[in-house]
Amino acid sequence: FFFFPIMRAALSRLLAPPPPPLTGRRTSMLLLPTIVAAALSPGVPGARRGAVHSAVSRLAMQQQTSSPKGVVITGGAGGVGYAYADEFLARGHWVVICDVKDPEPAVMALRQKHGGGLGRIYGCTTDVSSAESVGALAQFAKEQIGTVHYWINNAGINGGRRPFTSLSTQTVEAVVKVNLIGVLLCTLEAIKLMRTQRGVESHVFNTVGSGVKGGGTPGYACYGATKRGLPQLTDSLVKELDDGVEGYEPDEAARGAKVNVHTLSPGMVFTDLLLNDSTPKLRKFPFGVLAAQPPEVAQDLVPKILATSGNGQKVEFLTTDRILTKFFERFVQGKKSEYIDDNGNVIKVPGAQYLDNGVRVQY
């Protein structure tokens with residue numbers, strides 16, 4: 001029931017017409033890996049390799065920093081949110097992270113890592129379930145980075161993996177407040193801010209997760225219910241932003257500003273949300289086959305976020321192609337997981353630090 005729809009989707013992609021030819025700036029960026037490989041080839045003389053490598057470095061820096069973008073990331077003091085910020089900063093962009101806990105340690109770690117670069121990082125404490133707190137976040141972002149081009153609603157909780165009937169009403173309320181009300185409040189403030197930015201095209205990304213496509217999420221019933229509503233919210237806002245609402249005149253103050261809303265799917269990531277309350281069986285499959293570390297996810301998704309155009313896009317880490325590749329490597333080639341051993345334990349890299357639940361410490 002799971003594999004055949006994926007196969008159909010993969011065949012559709014293979015039969016789809018080829019994309020339009022690449023030109024200009026995008027072409028140069030996509031060719032960078034090839035140029036780097038040629039520059040570092042042992043068959044190339046040392047002086048030539050050095051010259052090519054320097055040219056590539058200059059081109060990469062020019063592409064990354066010629067137009068710094070303003071980025072807001074909720075839940076950015078840890079997990080994949082922190083990894084997003086790290087990747088945006090490496091590309092020379094200006095970032096605001098917020099978290100319900102004090103983000104200052106994360107901010108200091110990122111400043112230390114990227115101190116010589118052109119990126120900028122700021123942080124503030126925010127409770128995304130509070131309208132007042134989210135409003136303060138939007139004002140903080142405007143003051144610190146000026147223009148906000150990308151707003152990523154990443155903050156989320158799952159209430160733990162346990163039967164729904166064992167949850168306290170406080171836990172149910174907290175999951176709904178953060179995952180659904182929080183996204184609604186943040187999206188509202190983001191759009192209001194972005195519509196004042198005349199001449200700027202900006203993007204809001206709402207993070208989806210398990211349950212987004214329907215089907216059961218046993219152990220995560222509340223979490224799945226909150227994620228299921230986000231595509232509907234996104235589709236509604238796409239129509240409102242593109243076509244307006246019948247019976248209401250367009251907002252004159254928003255003319256000249258283009259705001260887009262999308263969904264963002266990081267897939268399975270080795271964070272507290274995934275590993276808390278997990279079992280060896282779950283860690284072996286599906287985690288050991290499909291899950292990835294936060295930096296790997298960020299390195300894949302941040303370029304996709306920056307390249308997103310239009311409205312209502314679905315930006316995914318676990319694409320059909322990636323899922324098929326991972327399944328082939330594991331079940332056909334017999335490739336072992338680099339993250340989970342045969343007993344369902346997290347494989348710890350020498351020199352790295354890990355929490356008791358197996359989450360790798362990023363800073």
# chains A, B, ... in the order shown; residues from 1 in each chain; ligands from 1
>>> closest_atom_pairs(of="stretch 100-204 of chain A", to="stretch 78-86 of chain A", cutoff="8 Å", atoms="only C-alpha atoms", output="JSON lines")
{"residue": "A:Ala106", "atom": "CA", "partner": "A:Gly78", "partner_atom": "CA", "distance": 7.5}
{"residue": "A:Leu110", "atom": "CA", "partner": "A:Asp86", "partner_atom": "CA", "distance": 6.6}
{"residue": "A:Asn154", "atom": "CA", "partner": "A:Gly81", "partner_atom": "CA", "distance": 6.3}
{"residue": "A:Ala155", "atom": "CA", "partner": "A:Gly81", "partner_atom": "CA", "distance": 7.8}
>>> residues_around(residues="A:Thr207", least_positions_apart="6", cutoff="10 Å", atoms="only C-alpha atoms", output="ChimeraX atom specification")
/A:152-156,179,183,227,230-231,262-267,315-316
>>> write_last_selection(atoms="N, CA, C and O atoms", output="JSON list (two decimals), in the first residue's frame")
[["chain", "number", "residue", "atom", "x", "y", "z"],
["A", 152, "ILE", "N", 10.06, 30.99, 7.98],
["A", 152, "ILE", "CA", 9.91, 29.54, 8.07],
["A", 152, "ILE", "C", 9.29, 29.19, 9.42],
["A", 152, "ILE", "O", 9.90, 29.36, 10.47],
["A", 153, "ASN", "N", 8.04, 28.71, 9.37],
["A", 153, "ASN", "CA", 7.35, 28.25, 10.57],
["A", 153, "ASN", "C", 7.79, 26.83, 10.88],
["A", 153, "ASN", "O", 7.23, 25.86, 10.37],
["A", 154, "ASN", "N", 8.82, 26.73, 11.70],
["A", 154, "ASN", "CA", 9.46, 25.45, 12.00],
["A", 154, "ASN", "C", 9.12, 24.93, 13.39],
["A", 154, "ASN", "O", 9.19, 23.73, 13.63],
["A", 155, "ALA", "N", 8.75, 25.82, 14.32],
["A", 155, "ALA", "CA", 8.51, 25.41, 15.70],
["A", 155, "ALA", "C", 7.39, 24.37, 15.77],
["A", 155, "ALA", "O", 6.36, 24.50, 15.10],
["A", 156, "GLY", "N", 7.61, 23.33, 16.57],
["A", 156, "GLY", "CA", 6.60, 22.31, 16.73],
["A", 156, "GLY", "C", 6.92, 21.36, 17.87],
["A", 156, "GLY", "O", 8.08, 21.19, 18.23],
["A", 179, "ASN", "N", 1.45, 23.88, 17.34],
["A", 179, "ASN", "CA", 1.51, 23.39, 15.95],
["A", 179, "ASN", "C", 0.48, 24.00, 15.03],
["A", 179, "ASN", "O", 0.73, 24.12, 13.82],
["A", 183, "VAL", "N", 1.19, 28.31, 14.08],
["A", 183, "VAL", "CA", 1.39, 28.51, 12.65],
["A", 183, "VAL", "C", 0.44, 29.58, 12.12],
["A", 183, "VAL", "O", 0.81, 30.43, 11.30],
["A", 227, "LYS", "N", -0.94, 18.64, 11.83],
["A", 227, "LYS", "CA", -0.22, 18.74, 10.56],
["A", 227, "LYS", "C", -1.15, 18.55, 9.36],
["A", 227, "LYS", "O", -0.91, 19.11, 8.29],
["A", 230, "LEU", "N", -2.50, 21.84, 7.74],
["A", 230, "LEU", "CA", -1.64, 22.87, 7.15],
["A", 230, "LEU", "C", -1.71, 22.97, 5.63],
["A", 230, "LEU", "O", -1.66, 24.08, 5.08],
["A", 231, "PRO", "N", -1.84, 21.86, 4.88],
["A", 231, "PRO", "CA", -2.03, 22.01, 3.43],
["A", 231, "PRO", "C", -3.31, 22.76, 3.09],
["A", 231, "PRO", "O", -3.34, 23.54, 2.13],
["A", 262, "HIS", "N", 3.87, 28.40, 1.15],
["A", 262, "HIS", "CA", 4.21, 27.05, 0.72],
["A", 262, "HIS", "C", 4.23, 26.10, 1.91],
["A", 262, "HIS", "O", 4.18, 26.53, 3.07],
["A", 263, "THR", "N", 4.34, 24.80, 1.62],
["A", 263, "THR", "CA", 4.60, 23.83, 2.68],
["A", 263, "THR", "C", 6.05, 23.35, 2.56],
["A", 263, "THR", "O", 6.62, 23.29, 1.47],
["A", 264, "LEU", "N", 6.61, 23.02, 3.71],
["A", 264, "LEU", "CA", 8.00, 22.58, 3.80],
["A", 264, "LEU", "C", 8.04, 21.28, 4.58],
["A", 264, "LEU", "O", 7.55, 21.20, 5.71],
["A", 265, "SER", "N", 8.61, 20.24, 3.98],
["A", 265, "SER", "CA", 8.64, 18.93, 4.62],
["A", 265, "SER", "C", 10.07, 18.45, 4.81],
["A", 265, "SER", "O", 10.72, 18.02, 3.85],
["A", 266, "PRO", "N", 10.60, 18.52, 6.04],
["A", 266, "PRO", "CA", 11.96, 18.04, 6.30],
["A", 266, "PRO", "C", 12.05, 16.52, 6.42],
["A", 266, "PRO", "O", 13.15, 15.97, 6.51],
["A", 267, "GLY", "N", 10.91, 15.84, 6.44],
["A", 267, "GLY", "CA", 10.93, 14.39, 6.56],
["A", 267, "GLY", "C", 11.30, 13.95, 7.97],
["A", 267, "GLY", "O", 11.03, 14.64, 8.96],
["A", 315, "VAL", "N", 7.89, 21.92, -0.88],
["A", 315, "VAL", "CA", 9.35, 21.74, -0.82],
["A", 315, "VAL", "C", 9.63, 20.58, 0.13],
["A", 315, "VAL", "O", 9.26, 20.62, 1.31],
["A", 316, "GLU", "N", 10.29, 19.53, -0.37],
["A", 316, "GLU", "CA", 10.44, 18.29, 0.39],
["A", 316, "GLU", "C", 11.89, 17.81, 0.42],
["A", 316, "GLU", "O", 12.62, 17.97, -0.56]]
>>> closest_residue(among="A:Gly209, A:Pro295, A:Gly123, A:Gly288", to="A:Gln144", atoms="only C-alpha atoms")
A:Gly123
>>> select_by_dssp(residues="stretch 148-281 of chain A", states="helix (DSSP H, G or I)", output="ChimeraX atom specification")
/A:164-166,169-194,221-228,230-243,252-254,272-275,280-281
>>> select_by_dssp(residues="stretch 144-252 of chain A", states="strand (DSSP E or B)", output="ChimeraX atom specification")
/A:150-153,201-207
>>> write_last_selection(atoms="N, CA and C atoms", output="JSON list (two decimals), in the first residue's frame")
[["chain", "number", "residue", "atom", "x", "y", "z"],
["A", 150, "TYR", "N", 12.03, 35.48, 3.66],
["A", 150, "TYR", "CA", 11.61, 34.11, 3.95],
["A", 150, "TYR", "C", 11.25, 34.00, 5.43],
["A", 151, "TRP", "N", 10.07, 33.46, 5.68],
["A", 151, "TRP", "CA", 9.63, 33.21, 7.06],
["A", 151, "TRP", "C", 9.32, 31.73, 7.15],
["A", 152, "ILE", "N", 10.06, 30.99, 7.98],
["A", 152, "ILE", "CA", 9.91, 29.54, 8.07],
["A", 152, "ILE", "C", 9.29, 29.19, 9.42],
["A", 153, "ASN", "N", 8.04, 28.71, 9.37],
["A", 153, "ASN", "CA", 7.35, 28.25, 10.57],
["A", 153, "ASN", "C", 7.79, 26.83, 10.88],
["A", 201, "GLU", "N", 9.27, 40.33, -3.35],
["A", 201, "GLU", "CA", 8.57, 39.04, -3.35],
["A", 201, "GLU", "C", 9.07, 38.23, -2.17],
["A", 202, "SER", "N", 8.15, 37.75, -1.35],
["A", 202, "SER", "CA", 8.53, 37.06, -0.12],
["A", 202, "SER", "C", 7.75, 35.75, 0.00],
["A", 203, "HIS", "N", 8.22, 34.90, 0.93],
["A", 203, "HIS", "CA", 7.70, 33.55, 1.02],
["A", 203, "HIS", "C", 7.53, 33.11, 2.48],
["A", 204, "VAL", "N", 6.40, 32.49, 2.77],
["A", 204, "VAL", "CA", 6.14, 31.86, 4.06],
["A", 204, "VAL", "C", 6.14, 30.34, 3.86],
["A", 205, "PHE", "N", 6.87, 29.62, 4.70],
["A", 205, "PHE", "CA", 6.92, 28.16, 4.62],
["A", 205, "PHE", "C", 6.35, 27.56, 5.89],
["A", 206, "ASN", "N", 5.31, 26.76, 5.75],
["A", 206, "ASN", "CA", 4.70, 26.07, 6.88],
["A", 206, "ASN", "C", 5.17, 24.62, 6.90],
["A", 207, "THR", "N", 5.80, 24.22, 8.00],
["A", 207, "THR", "CA", 6.38, 22.89, 8.10],
["A", 207, "THR", "C", 5.32, 21.84, 8.35]]
>>> closest_residue(among="A:Thr279, A:Asn311, A:Asn158, A:Gln197", to="A:Asn345", atoms="only C-alpha atoms")
A:Thr279
>>> residues_around(residues="A:Leu118", least_positions_apart="6", cutoff="9 Å", atoms="only C-alpha atoms", output="ChimeraX atom specification")
/A:65,68,89-94
>>> closest_residue(among="A:Leu188, A:Cys98, A:Ile323, A:Leu318", to="A:Leu137", atoms="only C-alpha atoms")
A:Cys98
>>> residues_around(residues="A:Lys348", least_positions_apart="6", cutoff="10 Å", atoms="only C-alpha atoms", output="list of chain:residue names")
A:Glu338, A:Tyr339, A:Ile340, A:Asp341, A:Tyr354, A:Gly358, A:Val359, A:Arg360
>>> atom_distance(atom1="atom CA of A:Ser236", atom2="atom CA of A:Thr196")
20.8 Å
>>> residues_around(residues="A:Ser129", least_positions_apart="6", cutoff="8 Å", atoms="only C-alpha atoms", output="PDB file with C-alpha atoms, in the first residue's frame")
ATOM      1  CA  LYS A 177      -1.496  25.719  20.445  1.00  0.00           C
ATOM      2  CA  VAL A 178       2.065  25.379  19.155  1.00  0.00           C
ATOM      3  CA  ILE A 181      -2.502  28.139  16.472  1.00  0.00           C
ATOM      4  CA  GLY A 182       1.194  28.990  16.415  1.00  0.00           C
ATOM      5  CA  LEU A 185      -0.477  33.421  14.291  1.00  0.00           C
TER       6      LEU A 185
END
>>> closest_residue(among="A:Leu282, A:Ala292, A:Val100, A:Leu241", to="A:Val269", atoms="only C-alpha atoms")
A:Ala292
>>> residues_around(residues="stretch 217-222 of chain A", least_positions_apart="5", cutoff="8 Å", atoms="only C-alpha atoms", output="list in words")
Asn158, Gly159, Gly160, Arg161, Arg162, Pro163, Phe164, Val172, Val175, Val176, Ser210 and Gly211 of chain A
